[in-house]
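Okay, upload05.cif is below, mmCIF, C-alpha atoms:
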data_target
loop_
_atom_site.label_atom_id
_atom_site.label_comp_id
_atom_site.auth_asym_id
_atom_site.auth_seq_id
_atom_site.Cartn_x
_atom_site.Cartn_y
_atom_site.Cartn_z
CA MET A 9 -38.29 -22.86 126.00
CA VAL A 10 -41.33 -25.14 125.91
CA LYS A 11 -44.14 -24.98 123.40
CA VAL A 12 -47.66 -24.71 124.82
CA GLU A 13 -50.66 -25.63 122.69
CA PHE A 14 -54.25 -24.86 123.61
CA LEU A 15 -56.54 -27.57 122.28
CA GLY A 16 -60.14 -27.57 121.13
CA PRO A 17 -62.34 -24.65 122.15
CA ILE A 18 -59.66 -22.60 123.94
CA GLY A 19 -58.88 -21.07 120.59
CA LEU A 20 -55.46 -19.50 121.29
CA GLU A 21 -52.35 -19.75 119.14
CA ASP A 22 -49.44 -21.91 120.36
CA ILE A 23 -46.89 -20.02 122.47
CA GLN A 24 -43.22 -20.53 123.35
CA ILE A 25 -42.45 -19.91 127.01
CA GLU A 26 -39.59 -20.39 129.48
CA ALA A 27 -40.42 -22.77 132.36
CA ALA A 28 -38.33 -25.34 134.29
CA THR A 29 -41.29 -27.18 135.83
CA LEU A 30 -45.00 -27.57 135.20
CA ALA A 31 -45.65 -25.56 138.38
CA GLU A 32 -43.62 -22.66 137.02
CA LEU A 33 -45.44 -22.88 133.72
CA GLY A 34 -48.74 -22.80 135.63
CA VAL A 35 -47.81 -19.57 137.39
CA LYS A 36 -46.98 -17.93 134.07
CA LEU A 37 -50.16 -19.14 132.36
CA GLN A 38 -52.30 -17.96 135.29
CA GLU A 39 -51.14 -14.43 134.48
CA LYS A 40 -53.35 -14.55 131.37
CA GLU A 41 -56.87 -13.69 132.58
CA GLU A 42 -58.58 -15.43 129.64
CA LEU A 43 -56.83 -18.71 130.48
CA LYS A 44 -57.84 -18.95 134.15
CA PRO A 45 -61.25 -20.57 133.60
CA TRP A 46 -59.75 -23.07 131.15
CA LEU A 47 -56.88 -24.00 133.48
CA ALA A 48 -59.40 -24.76 136.24
CA ASN A 49 -60.85 -27.71 134.33
CA SER A 50 -58.19 -28.64 131.78
CA ALA A 51 -55.89 -31.63 131.87
CA ILE A 52 -52.21 -31.34 130.89
CA ALA A 53 -50.15 -33.48 128.54
CA VAL A 54 -46.38 -33.30 128.15
CA ASN A 55 -45.17 -34.62 124.80
CA ASP A 56 -48.60 -36.19 124.24
CA THR A 57 -48.76 -38.06 127.53
CA LEU A 58 -51.29 -36.96 130.15
CA VAL A 59 -49.54 -36.07 133.43
CA ASN A 60 -50.58 -35.50 137.01
CA ASP A 61 -47.42 -34.32 138.77
CA LYS A 62 -47.12 -30.55 138.98
CA ASN A 63 -43.46 -30.85 140.04
CA MET A 64 -42.51 -32.50 136.77
CA THR A 65 -39.45 -30.88 135.22
CA LEU A 66 -39.64 -29.56 131.67
CA LYS A 67 -36.79 -29.52 129.22
CA ASP A 68 -36.07 -27.42 126.21
CA GLY A 69 -38.33 -28.33 123.30
CA ASP A 70 -41.00 -30.10 125.36
CA LYS A 71 -44.57 -29.76 124.10
CA VAL A 72 -47.22 -29.02 126.74
CA SER A 73 -50.86 -29.42 125.71
CA ILE A 74 -53.85 -27.97 127.54
CA LEU A 75 -56.92 -30.22 127.16
CA PRO A 76 -60.30 -28.76 128.18
CA PRO A 77 -63.33 -30.97 128.99
CA VAL A 78 -64.09 -33.47 126.24
CA CYS A 79 -67.20 -34.83 124.55
CA GLY A 80 -66.76 -37.25 121.68
CA GLY A 81 -69.42 -39.09 119.73
CA MET B 17 -109.36 -84.16 125.10
CA VAL B 18 -106.31 -81.89 125.07
CA LYS B 19 -103.66 -81.80 122.40
CA VAL B 20 -100.05 -82.23 123.57
CA GLU B 21 -97.17 -81.08 121.35
CA PHE B 22 -93.53 -81.94 121.97
CA LEU B 23 -91.32 -79.11 120.77
CA GLY B 24 -87.79 -78.99 119.42
CA PRO B 25 -85.56 -81.99 119.99
CA ILE B 26 -88.13 -84.21 121.73
CA GLY B 27 -89.14 -85.41 118.29
CA LEU B 28 -92.51 -87.03 119.04
CA GLU B 29 -95.76 -86.60 117.14
CA ASP B 30 -98.56 -84.56 118.73
CA ILE B 31 -101.00 -86.63 120.80
CA GLN B 32 -104.61 -86.23 121.96
CA ILE B 33 -105.16 -87.22 125.57
CA GLU B 34 -107.86 -87.00 128.25
CA ALA B 35 -106.82 -84.90 131.30
CA ALA B 36 -108.78 -82.56 133.59
CA THR B 37 -105.72 -80.88 135.12
CA LEU B 38 -102.06 -80.44 134.32
CA ALA B 39 -101.19 -82.75 137.21
CA GLU B 40 -103.34 -85.49 135.71
CA LEU B 41 -101.72 -84.95 132.33
CA GLY B 42 -98.30 -85.19 134.02
CA VAL B 43 -99.13 -88.60 135.49
CA LYS B 44 -100.19 -89.90 132.08
CA LEU B 45 -97.11 -88.52 130.30
CA GLN B 46 -94.81 -90.00 132.96
CA GLU B 47 -96.04 -93.42 131.88
CA LYS B 48 -94.04 -93.00 128.66
CA GLU B 49 -90.45 -93.98 129.54
CA GLU B 50 -88.91 -91.96 126.70
CA LEU B 51 -90.60 -88.77 127.99
CA LYS B 52 -89.34 -88.91 131.61
CA PRO B 53 -85.96 -87.23 131.00
CA TRP B 54 -87.60 -84.49 128.92
CA LEU B 55 -90.31 -83.79 131.51
CA ALA B 56 -87.62 -83.33 134.17
CA ASN B 57 -86.27 -80.19 132.49
CA SER B 58 -89.07 -79.01 130.21
CA ALA B 59 -91.34 -76.04 130.76
CA ILE B 60 -95.07 -76.24 129.98
CA ALA B 61 -97.26 -73.87 128.00
CA VAL B 62 -101.05 -74.00 127.83
CA ASN B 63 -102.46 -72.36 124.72
CA ASP B 64 -99.06 -70.73 124.10
CA THR B 65 -98.68 -69.20 127.55
CA LEU B 66 -96.02 -70.58 129.90
CA VAL B 67 -97.55 -71.80 133.15
CA ASN B 68 -96.29 -72.73 136.60
CA ASP B 69 -99.34 -74.11 138.40
CA LYS B 70 -99.65 -77.87 138.24
CA ASN B 71 -103.23 -77.70 139.54
CA MET B 72 -104.38 -75.71 136.55
CA THR B 73 -107.54 -77.17 135.02
CA LEU B 74 -107.61 -78.11 131.37
CA LYS B 75 -110.61 -77.91 129.10
CA ASP B 76 -111.53 -79.68 125.93
CA GLY B 77 -109.43 -78.45 122.99
CA ASP B 78 -106.61 -76.90 125.06
CA LYS B 79 -103.14 -77.12 123.57
CA VAL B 80 -100.35 -78.13 125.93
CA SER B 81 -96.76 -77.62 124.72
CA ILE B 82 -93.68 -79.26 126.20
CA LEU B 83 -90.61 -76.97 125.85
CA PRO B 84 -87.19 -78.53 126.52
CA PRO B 85 -84.09 -76.40 127.36
CA VAL B 86 -83.49 -73.63 124.82
CA CYS B 87 -80.48 -72.12 123.10
CA GLY B 88 -81.07 -69.41 120.53
CA GLY B 89 -78.52 -67.39 118.60
CA MET C 25 -59.30 -50.68 106.98
CA LYS C 26 -57.47 -49.39 110.05
CA GLU C 27 -58.86 -50.25 113.47
CA LEU C 28 -59.23 -46.53 114.24
CA SER C 29 -60.35 -44.40 111.29
CA LEU C 30 -61.05 -40.68 111.25
CA PHE C 31 -63.09 -39.06 108.48
CA GLU C 32 -63.75 -35.46 107.45
CA GLY C 33 -67.50 -34.88 107.88
CA PRO C 34 -70.26 -37.47 108.45
CA LEU C 35 -69.58 -41.20 108.49
CA ASP C 36 -70.88 -43.49 105.76
CA VAL C 37 -72.47 -45.91 108.23
CA GLU C 38 -73.32 -48.67 105.79
CA ALA C 39 -69.93 -48.61 104.03
CA ILE C 40 -68.11 -48.77 107.36
CA PHE C 41 -70.32 -51.52 108.80
CA ASN C 42 -70.16 -53.58 105.62
CA GLY C 43 -66.39 -53.10 105.36
CA TRP C 44 -65.85 -54.28 108.92
CA HIS C 45 -68.23 -57.21 108.42
CA GLU C 46 -66.43 -58.29 105.23
CA GLU C 47 -63.07 -58.10 106.93
CA TYR C 48 -63.97 -59.99 110.10
CA LYS C 49 -66.81 -62.40 109.26
CA ASN C 50 -64.48 -65.33 108.59
CA LYS C 51 -62.26 -64.72 111.64
CA ASN C 52 -64.27 -67.02 113.92
CA MET C 53 -65.48 -64.16 116.10
CA GLY C 54 -68.91 -65.29 117.30
CA ALA C 55 -70.10 -61.87 118.45
CA PHE C 56 -69.88 -58.62 116.46
CA ILE C 57 -71.42 -55.61 118.19
CA THR C 58 -71.58 -52.13 116.73
CA PHE C 59 -72.57 -48.85 118.37
CA VAL C 60 -73.61 -46.12 115.91
CA GLY C 61 -74.02 -42.59 117.22
CA ILE C 62 -76.37 -40.42 115.15
CA VAL C 63 -76.70 -36.64 115.48
CA ARG C 64 -80.08 -35.82 117.02
CA ASP C 65 -82.27 -32.89 116.06
CA GLU C 66 -82.59 -31.07 119.38
CA ASP C 67 -82.18 -27.59 120.87
CA GLY C 68 -82.47 -26.05 117.41
CA ILE C 69 -79.01 -27.14 116.30
CA GLU C 70 -78.12 -27.53 112.62
CA GLY C 71 -75.53 -30.19 113.37
CA LEU C 72 -72.47 -30.93 115.46
CA SER C 73 -68.80 -30.26 114.83
CA PHE C 74 -65.71 -31.95 116.27
CA ASP C 75 -62.06 -31.22 116.96
CA ILE C 76 -59.78 -34.19 117.67
CA TYR C 77 -56.30 -34.29 119.15
CA GLU C 78 -55.01 -37.31 117.31
CA PRO C 79 -51.76 -38.17 119.18
CA ILE C 80 -53.58 -38.73 122.47
CA LEU C 81 -56.61 -40.31 120.80
CA ASN C 82 -54.26 -42.85 119.23
CA SER C 83 -52.56 -43.76 122.51
CA TRP C 84 -55.92 -43.96 124.32
CA PHE C 85 -57.22 -46.28 121.56
CA ASP C 86 -54.06 -48.41 121.53
CA ALA C 87 -54.38 -48.99 125.29
CA TRP C 88 -57.97 -50.19 124.78
CA GLN C 89 -56.93 -52.45 121.91
CA ALA C 90 -54.23 -54.02 124.09
CA LYS C 91 -56.81 -54.62 126.82
CA ALA C 92 -59.24 -56.16 124.28
CA LYS C 93 -56.53 -58.48 122.91
CA THR C 94 -56.00 -59.99 126.37
CA GLN C 95 -59.61 -61.26 125.99
CA ASN C 96 -59.09 -62.31 122.33
CA ALA C 97 -61.34 -59.42 121.29
CA THR C 98 -60.81 -56.63 118.75
CA ILE C 99 -62.08 -53.05 118.94
CA LEU C 100 -62.86 -50.92 115.88
CA MET C 101 -63.75 -47.25 115.79
CA ALA C 102 -64.59 -44.53 113.29
CA HIS C 103 -65.12 -40.85 114.14
CA SER C 104 -65.83 -37.64 112.28
CA LYS C 105 -63.72 -34.49 112.22
CA GLY C 106 -65.41 -31.18 111.41
CA ASP C 107 -69.11 -30.77 110.72
CA VAL C 108 -71.78 -33.48 110.85
CA PRO C 109 -75.38 -32.58 109.92
CA LEU C 110 -78.53 -33.78 111.68
CA HIS C 111 -79.41 -37.48 111.36
CA LYS C 112 -75.90 -38.38 110.16
CA SER C 113 -73.42 -40.45 112.13
CA SER C 114 -70.33 -39.01 113.81
CA TYR C 115 -69.20 -42.08 115.74
CA ILE C 116 -69.15 -45.85 115.27
CA ALA C 117 -67.54 -48.30 117.65
CA ALA C 118 -67.41 -52.07 117.29
CA VAL C 119 -66.27 -55.06 119.28
CA LEU C 120 -65.55 -58.52 117.89
CA SER C 121 -65.07 -61.43 120.24
CA PRO C 122 -65.39 -65.20 120.28
CA LYS C 123 -67.56 -64.79 123.39
CA ARG C 124 -70.89 -62.97 123.69
CA LYS C 125 -70.44 -61.81 127.28
CA VAL C 126 -66.96 -60.42 126.61
CA ALA C 127 -68.30 -58.44 123.65
CA LEU C 128 -71.30 -57.06 125.55
CA ALA C 129 -69.15 -55.93 128.48
CA LEU C 130 -66.45 -54.43 126.24
CA ILE C 131 -68.78 -52.37 124.05
CA ASN C 132 -70.29 -50.82 127.17
CA ASP C 133 -66.99 -50.11 128.89
CA PHE C 134 -65.31 -48.87 125.72
CA VAL C 135 -68.10 -46.47 124.75
CA GLU C 136 -68.38 -45.09 128.30
CA ASP C 137 -64.63 -44.57 128.56
CA PHE C 138 -64.64 -42.98 125.11
CA LYS C 139 -67.23 -40.47 126.32
CA ALA C 140 -65.16 -39.64 129.41
CA LYS C 141 -61.62 -39.72 128.03
CA ALA C 142 -61.25 -39.46 124.26
CA PRO C 143 -59.60 -36.09 123.43
CA ILE C 144 -62.43 -34.86 121.23
CA TRP C 145 -64.27 -31.55 121.54
CA LYS C 146 -67.87 -31.14 120.48
CA TYR C 147 -69.58 -28.00 119.19
CA ASP C 148 -73.21 -27.33 118.41
CA ILE C 149 -73.74 -25.65 115.07
CA LYS C 150 -76.29 -22.84 115.39
CA GLY C 151 -76.75 -20.04 112.89
CA GLY C 152 -73.73 -21.42 111.08
CA LYS C 153 -71.52 -20.86 114.17
CA ARG C 154 -69.69 -23.45 116.29
CA ILE C 155 -70.63 -23.22 119.99
CA TYR C 156 -68.56 -25.37 122.41
CA ALA C 157 -70.81 -27.96 124.10
CA ASP C 158 -69.41 -27.21 127.55
CA ASP C 159 -72.55 -28.40 129.37
CA ARG C 160 -72.15 -31.93 127.93
CA SER C 161 -68.37 -32.08 128.26
CA THR C 162 -66.38 -33.96 130.89
CA ALA C 163 -63.12 -32.80 132.48
CA LEU C 164 -60.32 -35.33 131.98
CA PRO C 165 -58.69 -37.04 134.98
CA ALA C 166 -56.18 -34.75 136.69
CA ALA C 167 -57.94 -31.71 135.23
CA GLY C 168 -57.05 -28.48 137.03
CA LEU C 169 -53.39 -29.46 137.53
CA LEU C 170 -52.28 -25.94 136.62
CA ALA C 171 -55.24 -24.16 138.24
CA MET D 7 -89.40 -54.59 107.75
CA LYS D 8 -91.03 -56.17 110.79
CA GLU D 9 -89.41 -55.64 114.19
CA LEU D 10 -89.02 -59.42 114.56
CA SER D 11 -88.11 -61.24 111.35
CA LEU D 12 -87.42 -64.95 110.88
CA PHE D 13 -85.60 -66.26 107.84
CA GLU D 14 -85.00 -69.73 106.40
CA GLY D 15 -81.23 -70.37 106.54
CA PRO D 16 -78.43 -67.84 107.19
CA LEU D 17 -79.09 -64.14 107.65
CA ASP D 18 -77.95 -61.58 105.08
CA VAL D 19 -76.20 -59.41 107.68
CA GLU D 20 -75.50 -56.42 105.47
CA ALA D 21 -78.98 -56.32 103.95
CA ILE D 22 -80.59 -56.50 107.38
CA PHE D 23 -78.29 -53.90 108.96
CA ASN D 24 -78.62 -51.53 106.03
CA GLY D 25 -82.40 -51.98 105.93
CA TRP D 26 -82.73 -51.17 109.62
CA HIS D 27 -80.37 -48.20 109.26
CA GLU D 28 -82.37 -46.82 106.32
CA GLU D 29 -85.62 -47.19 108.21
CA TYR D 30 -84.52 -45.62 111.49
CA LYS D 31 -81.72 -43.14 110.72
CA ASN D 32 -84.08 -40.17 110.50
CA LYS D 33 -86.11 -41.09 113.59
CA ASN D 34 -83.95 -39.03 115.97
CA MET D 35 -82.60 -42.08 117.76
CA GLY D 36 -79.09 -41.07 118.84
CA ALA D 37 -77.84 -44.57 119.56
CA PHE D 38 -78.20 -47.60 117.28
CA ILE D 39 -76.57 -50.76 118.59
CA THR D 40 -76.51 -54.09 116.78
CA PHE D 41 -75.43 -57.50 118.01
CA VAL D 42 -74.55 -59.96 115.25
CA GLY D 43 -74.10 -63.62 116.16
CA ILE D 44 -71.89 -65.57 113.74
CA VAL D 45 -71.56 -69.37 113.67
CA ARG D 46 -68.08 -70.33 114.89
CA ASP D 47 -65.98 -73.16 113.50
CA GLU D 48 -65.48 -75.30 116.61
CA ASP D 49 -65.77 -78.93 117.75
CA GLY D 50 -65.72 -80.11 114.14
CA ILE D 51 -69.24 -78.91 113.38
CA GLU D 52 -70.37 -78.16 109.83
CA GLY D 53 -72.89 -75.58 110.99
CA LEU D 54 -75.82 -75.06 113.33
CA SER D 55 -79.52 -75.67 112.88
CA PHE D 56 -82.51 -74.14 114.67
CA ASP D 57 -86.11 -74.93 115.52
CA ILE D 58 -88.31 -72.05 116.68
CA TYR D 59 -91.68 -72.10 118.38
CA GLU D 60 -93.09 -68.91 116.95
CA PRO D 61 -96.21 -68.25 119.09
CA ILE D 62 -94.17 -68.02 122.30
CA LEU D 63 -91.24 -66.28 120.60
CA ASN D 64 -93.67 -63.60 119.46
CA SER D 65 -95.15 -63.03 122.90
CA TRP D 66 -91.68 -62.99 124.51
CA PHE D 67 -90.54 -60.42 121.93
CA ASP D 68 -93.68 -58.30 122.32
CA ALA D 69 -93.12 -58.10 126.08
CA TRP D 70 -89.56 -56.84 125.49
CA GLN D 71 -90.78 -54.32 122.92
CA ALA D 72 -93.33 -52.98 125.41
CA LYS D 73 -90.58 -52.64 128.02
CA ALA D 74 -88.32 -50.85 125.51
CA LYS D 75 -91.10 -48.43 124.56
CA THR D 76 -91.39 -47.26 128.17
CA GLN D 77 -87.83 -45.96 127.69
CA ASN D 78 -88.57 -44.56 124.19
CA ALA D 79 -86.40 -47.30 122.72
CA THR D 80 -87.10 -49.83 119.96
CA ILE D 81 -85.83 -53.40 119.69
CA LEU D 82 -85.28 -55.22 116.39
CA MET D 83 -84.39 -58.85 115.87
CA ALA D 84 -83.73 -61.30 113.08
CA HIS D 85 -83.17 -65.05 113.51
CA SER D 86 -82.60 -68.05 111.28
CA LYS D 87 -84.74 -71.18 111.04
CA GLY D 88 -83.12 -74.38 109.79
CA ASP D 89 -79.47 -74.74 108.83
CA VAL D 90 -76.78 -72.05 109.06
CA PRO D 91 -73.24 -72.85 107.82
CA LEU D 92 -70.00 -71.82 109.50
CA HIS D 93 -69.12 -68.11 109.47
CA LYS D 94 -72.68 -67.10 108.62
CA SER D 95 -75.02 -65.24 110.94
CA SER D 96 -78.00 -66.86 112.66
CA TYR D 97 -79.00 -63.98 114.96
CA ILE D 98 -79.05 -60.19 114.87
CA ALA D 99 -80.50 -58.00 117.59
CA ALA D 100 -80.63 -54.21 117.62
CA VAL D 101 -81.63 -51.43 119.98
CA LEU D 102 -82.42 -47.85 118.98
CA SER D 103 -82.74 -45.20 121.65
CA PRO D 104 -82.39 -41.45 122.03
CA LYS D 105 -80.03 -42.18 124.94
CA ARG D 106 -76.70 -43.99 124.84
CA LYS D 107 -76.92 -45.52 128.31
CA VAL D 108 -80.44 -46.84 127.74
CA ALA D 109 -79.30 -48.51 124.51
CA LEU D 110 -76.19 -50.06 126.06
CA ALA D 111 -78.15 -51.47 128.99
CA LEU D 112 -81.00 -52.76 126.80
CA ILE D 113 -78.81 -54.59 124.27
CA ASN D 114 -77.11 -56.43 127.11
CA ASP D 115 -80.30 -57.32 128.97
CA PHE D 116 -82.19 -58.23 125.80
CA VAL D 117 -79.48 -60.53 124.41
CA GLU D 118 -78.97 -62.25 127.76
CA ASP D 119 -82.71 -62.80 128.22
CA PHE D 120 -82.92 -64.04 124.63
CA LYS D 121 -80.29 -66.66 125.42
CA ALA D 122 -82.15 -67.81 128.53
CA LYS D 123 -85.77 -67.59 127.40
CA ALA D 124 -86.39 -67.47 123.66
CA PRO D 125 -88.11 -70.74 122.60
CA ILE D 126 -85.44 -71.74 120.11
CA TRP D 127 -83.62 -75.06 119.95
CA LYS D 128 -80.10 -75.37 118.63
CA TYR D 129 -78.49 -78.36 116.94
CA ASP D 130 -74.91 -78.94 115.86
CA ILE D 131 -74.61 -80.29 112.33
CA LYS D 132 -72.06 -83.10 112.22
CA GLY D 133 -71.73 -85.64 109.42
CA GLY D 134 -74.88 -84.08 107.95
CA LYS D 135 -76.89 -84.95 111.09
CA ARG D 136 -78.59 -82.60 113.58
CA ILE D 137 -77.42 -83.19 117.17
CA TYR D 138 -79.32 -81.31 119.91
CA ALA D 139 -76.94 -78.91 121.71
CA ASP D 140 -78.13 -80.01 125.15
CA ASP D 141 -74.88 -79.02 126.88
CA ARG D 142 -75.34 -75.35 125.87
CA SER D 143 -79.10 -75.23 126.43
CA THR D 144 -80.90 -73.62 129.37
CA ALA D 145 -84.05 -74.92 131.02
CA LEU D 146 -86.87 -72.37 130.96
CA PRO D 147 -88.31 -70.98 134.23
CA ALA D 148 -90.72 -73.43 135.86
CA ALA D 149 -89.09 -76.30 133.98
CA GLY D 150 -89.88 -79.70 135.49
CA LEU D 151 -93.50 -78.79 136.32
CA LEU D 152 -94.70 -82.19 135.10
CA ALA D 153 -91.65 -84.15 136.36
#
Rewrite the structure from the file as structure tokens, please.
Amino acid sequence: MVKVEFLGPIGLEDIQIEAATLAELGVKLQEKEELKPWLANSAIAVNDTLVNDKNMTLKDGDKVSILPPVCGG
Amino acid sequence: MVKVEFLGPIGLEDIQIEAATLAELGVKLQEKEELKPWLANSAIAVNDTLVNDKNMTLKDGDKVSILPPVCGG
Amino acid sequence: MKELSLFEGPLDVEAIFNGWHEEYKNKNMGAFITFVGIVRDEDGIEGLSFDIYEPILNSWFDAWQAKAKTQNATILMAHSKGDVPLHKSSYIAAVLSPKRKVALALINDFVEDFKAKAPIWKYDIKGGKRIYADDRSTALPAAGLLA
Amino acid sequence: MKELSLFEGPLDVEAIFNGWHEEYKNKNMGAFITFVGIVRDEDGIEGLSFDIYEPILNSWFDAWQAKAKTQNATILMAHSKGDVPLHKSSYIAAVLSPKRKVALALINDFVEDFKAKAPIWKYDIKGGKRIYADDRSTALPAAGLLA
């Protein structure tokens, strides 16, 4: 199980989900209609590091964060 | 007569001098040995406006300022 | 004061500036530049509001600090969490450096990268409600990885 | 406070910053950048000293202010006359603008032009004497006209 947290304006509670890779997690998250537009422009962090490899393997207890477009200041 | 003032580190008193053009003034100032090195790298203002035309005519009462290299801040 | 400080609500600009100045004025840094962001009255908003994801903000900031140190410079930053009313400050960044040109380049590059990369989400406050400022927001690098 | 202020001796950095902040914080300028120059302890100097030719400094500053106004920005500046000891400030410049990028570009261009063109002469103070800082000084445009 990995924990997925939806940051900022996405406004969903954290979920626990079974996924062996980021790609597999993506398929499962895409099933949620309300997430599709956010996934299109969100970056992904695993254990608080931004990642860019969809084939990355996930292990039990990993934290995956979904980061929508930002605007500080 | 024009008044010539030597700004900043030149450290000379103002002088009154007869000169119909900047070029003529330049010839007279070059006669002072201690001024030569300053004139080589100083800019010239007439009545507080920087100028770049040596043929500019001067009239009685004009103020000519000699501005050596600057360093503010 | 920490190099990166987060505050609930608006920033006390003068206290932060004066605190930084006190702490660094004797450190032989010839140039001290500060950028203060102030909430503008526009589009009928009552203020702005911010969410911050601190773990990634901290690592982003630490990477900038390491880069600054290679030029003998130091970066300082303060940011608000939650609501900030009109005409109050939500963001202050500073660069200290022995060299003027290093400081001028760093403040520009740091503030621009902050705008593009810091994991902070902005909301307009209108009618007491928070409305995500999606039109002014920037997707992070590698956005859409799970699209 | 005037947009260009000259002071005898070192600048009171916090009083100047706080005064500018008080005056402009409600003017809907989203970006307020300040550059503070602080005298560094180097080459065994006891401090710096400055001469200023005010008529040409004023016209140089007014030209910059006019340029800033075309971008809805405002420039502020304070500078010392006479002696400034180590670790004290001799120069503060500020830009206020509704737009971040305008402010970041202006502070850079203004400070660099100040260094090259403002009619100010700098002296190191060593053994109580003023020594013209010729090695750090820049000839003005059209220098050598009467050479």
Inset, instruction - May I ask you to extract the residues of chain D within 12 Å of chain A, using all atoms listed in the file, and to give them as a ChimeraX atom specification? - result: /D:36-37,106
Inset, instruction - Starting from the shown file, work through the PyMOL selection byres ((chain C and resi 28) around 9) and note down what comes out as a PyMOL selection string. - result: chain C and resi 25-27+29-30+82+85+99-103
Legend entry - the PyMOL selection byres ((chain C and resi 141) around 12) applied to the shown file, residues as a count of residues only: 37
Legend entry - Point-to-point distance from CA of Arg136 (chain D) to CA of Leu55 (chain B), Å rounded to tenths: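 Computed distance, CA of Arg136 (chain D) to CA of Leu55 (chain B), equals 21.5 Å.
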Legend entry - Who sits within 10 Å of Trp54 (chain B), only C-alpha atoms, same chain under 2 positions skipped, as an NGL selection string: (:B and (22 or 25-26 or 46 or 49-52 or 56-59 or 82-85)) or (:D and (149-150 or 152-153))
Legend entry - Between CA of Asp57 (chain D) and CA of Lys135 (chain D) - distance in Å to one decimal: 14.3 Å
Inset, instruction - Report the distance between CA of Gly134 (chain D) and CA of Glu52 (chain D) in Å, rounded to one decimal place. - result: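 Taking CA of Gly134 (chain D) and CA of Glu52 (chain D), their separation equals 7.7 Å.
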Inset, instruction - Would you translate the PyMOL selection byres ((chain D) within 12 of (chain C)) into the concrete set of residues it matches in this file, as a PyMOL selection string? - result: chain D and resi 18-48+91-118+121
